[in-house]
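Novice: Dropping the structure in here first, questions after.
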Amino acid sequence: MSRTEKILCVDDSTDTLELLRRNLELNGFTVFTVSSVEEAMRLLENTEVDIVITDMKMPKISGIELVKYVSENYRNTGIMMITGFATIEGAVSAMKTGADEYLAKPFTDEELQTALDKILQKVRDRKMIAGNSEKSGFHGIIGKSHEMQKVFSIVKKAAISNANVLITGESGTGKELVARAIHYQSLRSKSPFIPVNCAAIPEELLESELFGYVKGAFTGADSTRAGFFQTADGGTIFLDEVSEMSHAMQAKLLRVIQEREIMMVGSRKPISVDIRVVCATNKDLHSLVSKKLFREDLFYRLNVINIDLPPLRKREDDIIELLTFFLHKFSREIGRDDLIISESALNILKSYHWPGNVRELENLMQRLTVMAEDSSVEIADLPTYMRSSFYRPNGLDRKLEEVEMEYINSVLSSVNGNKSKAAQILGIDRKTLRTKLKEV
Ligand SMILES: Nc1ncnc2c1ncn2[C@@H]1O[C@H](COP(=O)(O)OP(=O)(O)OP(=O)(O)O)[C@@H](O)[C@H]1O
Ligand SMILES: [Mg+2]
């Protein structure tokens with residue numbers, strides 16, 4: 001039997017790799033085997049595979065990291081995690097990180113085959129959805145509103161140039177999706193797209209993560225390691241939450257952009273890199289510049305092209321399209337027939353403020369498809385804060401404090417309880433948010 005699917009197997013045990021290879025090749029798959037996460041990432045850069053099967057426990061980088069990496073960077077690739085421990089927790093954590101299926105060692109040929117069949121079905125569905133959204137959207141970005149059409153046209157123009165791009169917009173408006181679209185629409189699409197969340201990496205590690213380090217640069221640097229800029233050579237580096245960079249790092253970034261070369265930590269030898277820099281922020285960089293919190297010269301270097309993503313509440317046409325898209329997507333994922341949304345519920349969803357933007361809408365649709373009892377989503381299925389009088393024109397009998405708490409709770413829920421994100425949306429600091437939450 002000959003098939004077209006390619007499978008990458010990652011395991012530090014050669015016995016398991018051989019076992020997998022024999023079984024999969026007998027079933028007609030094309031098989032690649034590697035023994036570490038690093039090798040897997042390198043192979044994925046140049047080879048398209050349909051499924052990644054990875055062991056969970058491996059020395060150095062664990063399989064969980066690979067699962068995250070693949071689910072973030074290769075959306076159409078199916079992922080199976082195998083572990084030596086058959087535990088519920090193992091299964092749950094594997095699925096949470098983005099694995100499609102989970103298999104405990106030792107497994108039979110039949111178990112492997114069943115899990116593979118399930119994944120292949122999921123991959124086919126995902127490709128179909130991506131294909132469908134391609135029609136109405138652009139690189140998986142849904143948006144037929146005039147505002148989003150304008151965004152797509154700037155992305156197309158930006159993609160053919162090498163100019164640096166700054167993407168701005170509220171949390172959850174799709175900044176990262178746009179950054180990917182720029183890369184995959186550009187001539188650099190065959191080279192890597194490397195996303196770096198500047199806020200998530202501790203200040204003291206950021207430099208070595210970005211520029212790499214040479215052996216002996218600091219205690220613990222027992223071998224030379226490339227940084228993100230080198231990994232992204234020829235491609236695009238996406239610096240997310242760029243406003244969070246310290247002044248020292250801003251100076252170093254400016255140097256890289258001007259000179260097109262980096263210096264690894266612990267080395268004085270410049271290495272030239274061919275990189276397109278795309279940045280994103282949900283802060284007002286202009287005002288950070290005027291407060292001297294962000295370097296003006298760097299701001300102009302990054303902001304050659306600006307793409308500003310409009311908040312969801314300003315594009316009603318997209319709300320309906322996104323609702324339908326995610327409803328189909330999540331219904332199909334859990335194997336139920338497509339749900340529909342009743343007209344009255346739809347009216348509420350259309351006029352809702354969506355403080356968490358598309359991310360909030362996506363999370364809500366996922367929850368609704370899992371929880372819905374019937375084939376139609378009714379007002380009663382919507383969260384209380386959406387149904388409350390606060391969003392209705394005639395609800396004029398409430399204390400400011402009540403409305404504030406309700407709004408805070410709705411924002412919190414829109415970002416799945418993430419207090420930093422909620423504080424950002426609310427325009428207050430985390431401490432103020434905590435105080436407000438304690439008041440009740
Ligand atoms: N127009 C869109 N079409 C389809 N999905 C979208 C769209 N916009 C956003 N999403 C989805 O919403 C979620 C949030 O998007 P993304 O991470 O790009 O937002 P962001 O602007 O980077 O947010 P943050 O500032 O919080 O990092 C993702 O799951 C993304 O796939
Ligand atoms: Mg983001």
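Residues in the structure tokens are numbered from 1 in each chain, the chains being A, B, ... in the order shown, and ligands are numbered from 1 in the order shown.
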Which residues are near Phe138 in chain A? Cut-off 12 Å, only C-alpha atoms, ignore same chain within fewer than 6 positions. Put them as a list of chain:residue names.
Specialist: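 What passes the distance filter is A:Ala130, A:Gly131, A:Asn132, A:Lys144, A:Met148, A:Gln149, A:Lys150, A:Val151, A:Phe152, A:Ser153, A:Ile154, A:Val155, A:Lys156, A:Leu177, A:Val178, A:Arg180, A:Ala181, A:Ile182, A:Tyr184, A:Gln185.
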Novice: Those same residues, written as a compact mmCIF listing (two decimals), in the first residue's frame with all heavy atoms?
Specialist:
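Generated file (part-v1.txt):
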```txt
# COMPACT_ATOMS: atom_id res chain seq x y z
N ALA A 130 -9.03 25.58 6.74
CA ALA A 130 -8.08 26.60 6.31
C ALA A 130 -8.39 27.00 4.87
O ALA A 130 -8.37 28.17 4.52
CB ALA A 130 -6.66 26.08 6.42
N GLY A 131 -8.71 25.99 4.05
CA GLY A 131 -9.04 26.27 2.65
C GLY A 131 -10.27 27.14 2.53
O GLY A 131 -10.30 28.10 1.78
N ASN A 132 -11.28 26.82 3.35
CA ASN A 132 -12.52 27.60 3.31
C ASN A 132 -12.29 29.04 3.73
O ASN A 132 -12.80 29.96 3.12
CB ASN A 132 -13.56 27.00 4.26
CG ASN A 132 -14.18 25.78 3.65
OD1 ASN A 132 -14.03 25.55 2.45
ND2 ASN A 132 -14.83 24.98 4.46
N LYS A 144 -14.15 40.27 6.22
CA LYS A 144 -14.61 40.85 4.96
C LYS A 144 -14.99 42.31 5.14
O LYS A 144 -15.36 42.99 4.20
CB LYS A 144 -15.75 40.04 4.35
CG LYS A 144 -17.01 40.00 5.16
CD LYS A 144 -18.09 39.27 4.35
CE LYS A 144 -19.37 39.18 5.14
NZ LYS A 144 -20.24 38.12 4.78
N MET A 148 -10.80 45.38 7.47
CA MET A 148 -9.86 44.27 7.33
C MET A 148 -9.37 44.13 5.89
O MET A 148 -8.24 43.74 5.65
CB MET A 148 -10.48 42.95 7.82
CG MET A 148 -10.57 42.83 9.32
SD MET A 148 -9.03 43.17 10.19
CE MET A 148 -8.11 41.66 9.94
N GLN A 149 -10.23 44.46 4.93
CA GLN A 149 -9.79 44.41 3.53
C GLN A 149 -8.63 45.38 3.32
O GLN A 149 -7.69 45.10 2.59
CB GLN A 149 -10.95 44.76 2.58
CG GLN A 149 -12.05 43.71 2.57
CD GLN A 149 -11.56 42.37 2.04
OE1 GLN A 149 -10.78 42.32 1.10
NE2 GLN A 149 -11.99 41.28 2.66
N LYS A 150 -8.73 46.51 4.02
CA LYS A 150 -7.65 47.50 3.93
C LYS A 150 -6.36 46.91 4.53
O LYS A 150 -5.28 47.05 3.96
CB LYS A 150 -8.05 48.76 4.71
CG LYS A 150 -7.90 50.00 3.86
CD LYS A 150 -8.58 51.24 4.38
CE LYS A 150 -8.22 51.69 5.77
NZ LYS A 150 -9.11 52.70 6.32
N VAL A 151 -6.52 46.23 5.66
CA VAL A 151 -5.36 45.59 6.30
C VAL A 151 -4.71 44.60 5.32
O VAL A 151 -3.50 44.60 5.12
CB VAL A 151 -5.78 44.87 7.61
CG1 VAL A 151 -4.68 43.94 8.09
CG2 VAL A 151 -6.14 45.88 8.68
N PHE A 152 -5.54 43.75 4.68
CA PHE A 152 -4.99 42.75 3.76
C PHE A 152 -4.21 43.43 2.62
O PHE A 152 -3.18 42.92 2.19
CB PHE A 152 -6.09 41.87 3.15
CG PHE A 152 -6.85 41.07 4.19
CD1 PHE A 152 -8.14 40.63 3.95
CD2 PHE A 152 -6.26 40.75 5.41
CE1 PHE A 152 -8.84 39.89 4.90
CE2 PHE A 152 -6.96 40.02 6.37
CZ PHE A 152 -8.25 39.60 6.11
N SER A 153 -4.73 44.55 2.17
CA SER A 153 -4.05 45.18 1.05
C SER A 153 -2.71 45.78 1.50
O SER A 153 -1.71 45.72 0.77
CB SER A 153 -4.97 46.18 0.34
OG SER A 153 -4.55 47.49 0.55
N ILE A 154 -2.65 46.30 2.73
CA ILE A 154 -1.34 46.79 3.22
C ILE A 154 -0.39 45.60 3.42
O ILE A 154 0.79 45.68 3.10
CB ILE A 154 -1.47 47.55 4.57
CG1 ILE A 154 -2.50 48.66 4.45
CG2 ILE A 154 -0.13 48.14 4.98
CD1 ILE A 154 -2.76 49.39 5.75
N VAL A 155 -0.92 44.48 3.95
CA VAL A 155 -0.06 43.30 4.16
C VAL A 155 0.55 42.87 2.83
O VAL A 155 1.75 42.58 2.74
CB VAL A 155 -0.86 42.13 4.78
CG1 VAL A 155 -0.07 40.83 4.72
CG2 VAL A 155 -1.22 42.44 6.22
N LYS A 156 -0.26 42.86 1.77
CA LYS A 156 0.26 42.43 0.47
C LYS A 156 1.37 43.35 0.00
O LYS A 156 2.40 42.88 -0.50
CB LYS A 156 -0.86 42.42 -0.57
CG LYS A 156 -1.74 41.21 -0.45
CD LYS A 156 -2.78 41.19 -1.56
CE LYS A 156 -3.95 40.33 -1.13
NZ LYS A 156 -5.23 40.77 -1.64
N LEU A 177 -1.28 36.82 13.84
CA LEU A 177 -1.73 36.24 12.56
C LEU A 177 -1.26 37.11 11.40
O LEU A 177 -0.82 36.60 10.36
CB LEU A 177 -3.26 36.19 12.50
CG LEU A 177 -3.97 35.07 13.24
CD1 LEU A 177 -5.45 35.11 12.90
CD2 LEU A 177 -3.38 33.73 12.85
N VAL A 178 -1.34 38.43 11.57
CA VAL A 178 -0.93 39.35 10.52
C VAL A 178 0.58 39.24 10.29
O VAL A 178 1.06 39.22 9.15
CB VAL A 178 -1.35 40.79 10.85
CG1 VAL A 178 -0.68 41.80 9.95
CG2 VAL A 178 -2.86 40.92 10.73
N ARG A 180 2.42 36.62 10.73
CA ARG A 180 2.63 35.38 9.95
C ARG A 180 2.27 35.59 8.49
O ARG A 180 2.96 35.12 7.58
CB ARG A 180 1.78 34.25 10.51
CG ARG A 180 2.35 33.62 11.72
CD ARG A 180 1.39 32.59 12.32
NE ARG A 180 1.72 32.43 13.72
CZ ARG A 180 2.72 31.68 14.17
NH1 ARG A 180 3.44 30.99 13.32
NH2 ARG A 180 3.00 31.63 15.46
N ALA A 181 1.14 36.27 8.26
CA ALA A 181 0.68 36.50 6.89
C ALA A 181 1.74 37.27 6.10
O ALA A 181 2.03 36.94 4.95
CB ALA A 181 -0.64 37.24 6.88
N ILE A 182 2.34 38.27 6.73
CA ILE A 182 3.38 39.04 6.04
C ILE A 182 4.50 38.11 5.62
O ILE A 182 4.97 38.13 4.49
CB ILE A 182 3.94 40.16 6.96
CG1 ILE A 182 2.85 41.17 7.27
CG2 ILE A 182 5.15 40.83 6.32
CD1 ILE A 182 3.26 42.23 8.27
N TYR A 184 4.50 34.71 5.29
CA TYR A 184 4.16 33.66 4.32
C TYR A 184 3.75 34.22 2.96
O TYR A 184 3.73 33.50 1.97
CB TYR A 184 3.11 32.71 4.91
CG TYR A 184 3.74 31.87 5.99
CD1 TYR A 184 3.48 32.09 7.34
CD2 TYR A 184 4.69 30.90 5.65
CE1 TYR A 184 4.11 31.35 8.32
CE2 TYR A 184 5.33 30.16 6.63
CZ TYR A 184 5.04 30.39 7.96
OH TYR A 184 5.68 29.65 8.94
N GLN A 185 3.43 35.50 2.91
CA GLN A 185 3.10 36.14 1.65
C GLN A 185 4.36 36.66 0.96
O GLN A 185 4.34 37.02 -0.19
CB GLN A 185 2.13 37.30 1.96
CG GLN A 185 1.69 38.16 0.80
CD GLN A 185 0.59 37.49 -0.01
OE1 GLN A 185 0.03 36.49 0.41
NE2 GLN A 185 0.30 38.02 -1.16
```
Novice: With the cut-off set at 7 Å and counting only C-alpha atoms and all ligand atoms, tabulate each residue of chain A with an atom at most that distance from an atom of ligand 2, showing the nearest atom pair and its distance in Å to one decimal, ordered by chain and increasing number, as CSV.
Specialist:
```
residue,atom,partner,partner_atom_place_in_ligand_line,distance
A:Ser171,CA,ligand 2,1 (Mg),7.0
A:Gly172,CA,ligand 2,1 (Mg),6.8
A:Lys175,CA,ligand 2,1 (Mg),5.7
A:Glu176,CA,ligand 2,1 (Mg),5.0
A:Asp240,CA,ligand 2,1 (Mg),6.2
```
Novice: Selected residues, N, CA, C and O atoms, written as a PDB file, in the first residue's frame, please.
Specialist:
```pdb
ATOM      1  N   SER A 171      -5.343  43.950  22.388  1.00  0.00           N
ATOM      2  CA  SER A 171      -5.089  42.543  22.639  1.00  0.00           C
ATOM      3  C   SER A 171      -6.145  41.674  21.930  1.00  0.00           C
ATOM      4  O   SER A 171      -7.325  41.992  21.971  1.00  0.00           O
ATOM      5  N   GLY A 172      -5.672  40.604  21.269  1.00  0.00           N
ATOM      6  CA  GLY A 172      -6.607  39.664  20.659  1.00  0.00           C
ATOM      7  C   GLY A 172      -7.157  40.075  19.309  1.00  0.00           C
ATOM      8  O   GLY A 172      -8.101  39.469  18.806  1.00  0.00           O
ATOM      9  N   LYS A 175      -2.793  40.333  15.836  1.00  0.00           N
ATOM     10  CA  LYS A 175      -1.493  40.877  15.426  1.00  0.00           C
ATOM     11  C   LYS A 175      -0.525  39.782  14.993  1.00  0.00           C
ATOM     12  O   LYS A 175       0.176  39.912  14.002  1.00  0.00           O
ATOM     13  N   GLU A 176      -0.538  38.685  15.758  1.00  0.00           N
ATOM     14  CA  GLU A 176       0.385  37.614  15.413  1.00  0.00           C
ATOM     15  C   GLU A 176       0.011  36.964  14.075  1.00  0.00           C
ATOM     16  O   GLU A 176       0.871  36.618  13.268  1.00  0.00           O
ATOM     17  N   ASP A 240       7.298  40.244  19.432  1.00  0.00           N
ATOM     18  CA  ASP A 240       5.985  40.557  19.970  1.00  0.00           C
ATOM     19  C   ASP A 240       6.163  41.311  21.286  1.00  0.00           C
ATOM     20  O   ASP A 240       7.105  41.048  22.026  1.00  0.00           O
TER      21      ASP A 240
END
```
Novice: In range 104-353 of chain A, what's alpha helix (DSSP H) per DSSP? Answer as number ranges by chain?
Specialist: A: 109-136, 146-160, 175-185, 203-211, 228-231, 247-259, 285-290, 296-302, 316-333, 343-351
Novice: For each of A:Ala158, A:Ile201, A:Ala422, A:Met81, take the minimum atom-to-atom distance to ligand 1, counting only C-alpha atoms and all ligand atoms, then give the residue where this is smallest.
Specialist: A:Ala422
Novice: Identify, counting only C-alpha atoms and all ligand atoms, the protein, DNA and RNA residues located within 7 Å of ligand 1, and give them as a list in words.
Specialist: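 So the residues close to ligand 1 are Gly140, Ile141, Ile142, Gly143, Gly169, Glu170, Ser171, Gly172, Thr173, Gly174, Lys175, Glu176, Leu177, Val178, Thr281, Asn282, Leu322, Val358, Arg359, Glu362 and Lys421 of chain A.
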Novice: Output N, CA and C atoms for every residue in the selection just made, as a CSV table (one decimal), in the first residue's frame.
Specialist:
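The result, stored in part-v3.csv:
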```csv
chain,number,residue,atom,x,y,z
A,140,GLY,N,-5.7,32.6,6.4
A,140,GLY,CA,-6.4,32.2,7.7
A,140,GLY,C,-7.0,33.3,8.5
A,141,ILE,N,-6.8,34.5,8.0
A,141,ILE,CA,-7.4,35.6,8.8
A,141,ILE,C,-8.8,36.0,8.2
A,142,ILE,N,-9.8,35.8,9.0
A,142,ILE,CA,-11.1,36.1,8.6
A,142,ILE,C,-11.4,37.6,8.6
A,143,GLY,N,-12.0,38.1,7.6
A,143,GLY,CA,-12.4,39.5,7.7
A,143,GLY,C,-12.8,40.1,6.3
A,169,GLY,N,-2.5,47.4,17.8
A,169,GLY,CA,-3.9,47.0,17.9
A,169,GLY,C,-4.1,46.4,19.3
A,170,GLU,N,-5.4,46.4,19.7
A,170,GLU,CA,-5.7,45.9,21.1
A,170,GLU,C,-5.4,44.4,21.2
A,171,SER,N,-5.3,43.9,22.4
A,171,SER,CA,-5.1,42.5,22.6
A,171,SER,C,-6.1,41.7,21.9
A,172,GLY,N,-5.7,40.6,21.3
A,172,GLY,CA,-6.6,39.7,20.7
A,172,GLY,C,-7.2,40.1,19.3
A,173,THR,N,-6.6,41.1,18.7
A,173,THR,CA,-7.1,41.5,17.4
A,173,THR,C,-6.5,40.8,16.2
A,174,GLY,N,-5.5,40.0,16.5
A,174,GLY,CA,-4.9,39.2,15.4
A,174,GLY,C,-3.5,39.7,14.9
A,175,LYS,N,-2.8,40.3,15.8
A,175,LYS,CA,-1.5,40.9,15.4
A,175,LYS,C,-0.5,39.8,15.0
A,176,GLU,N,-0.5,38.7,15.8
A,176,GLU,CA,0.4,37.6,15.4
A,176,GLU,C,0.0,37.0,14.1
A,177,LEU,N,-1.3,36.8,13.8
A,177,LEU,CA,-1.7,36.2,12.6
A,177,LEU,C,-1.3,37.1,11.4
A,178,VAL,N,-1.3,38.4,11.6
A,178,VAL,CA,-0.9,39.3,10.5
A,178,VAL,C,0.6,39.2,10.3
A,281,THR,N,2.8,45.5,19.2
A,281,THR,CA,2.6,46.0,20.5
A,281,THR,C,1.1,46.4,20.7
A,282,ASN,N,0.6,46.2,21.9
A,282,ASN,CA,-0.8,46.8,22.1
A,282,ASN,C,-0.7,48.1,22.9
A,322,LEU,N,-16.9,35.6,11.9
A,322,LEU,CA,-16.0,34.9,12.8
A,322,LEU,C,-16.8,33.9,13.7
A,358,VAL,N,-11.0,39.1,19.0
A,358,VAL,CA,-11.2,37.8,18.4
A,358,VAL,C,-10.9,36.7,19.3
A,359,ARG,N,-9.9,36.9,20.2
A,359,ARG,CA,-9.5,35.8,21.1
A,359,ARG,C,-10.7,35.5,22.0
A,362,GLU,N,-13.3,33.6,20.0
A,362,GLU,CA,-12.9,32.3,19.7
A,362,GLU,C,-13.1,31.4,21.0
A,421,LYS,N,-3.2,40.5,31.2
A,421,LYS,CA,-3.9,40.9,29.9
A,421,LYS,C,-5.1,41.8,30.3
```
Novice: Which residues are close to Asn46 in chain A, i.e. within 10 Å by only C-alpha atoms, leaving aside same-chain residues fewer than 6 positions away? Reply as a list in words.
Specialist: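 In the requested form, the answer reads Lys190, Ser191 and Pro192 of chain A.
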Novice: Between CA of Ile194 in chain A and CA of Ile271 in chain A, what is the spacing in Å?
Specialist: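 A separation of 18.3 Å between them.
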Novice: Compare A:Glu241, A:Glu333, A:Glu378, A:Glu373 by their minimum atom-to-atom distance to Ala345 in chain A, counting only C-alpha atoms, and give me the closest one.
Specialist: A:Glu378
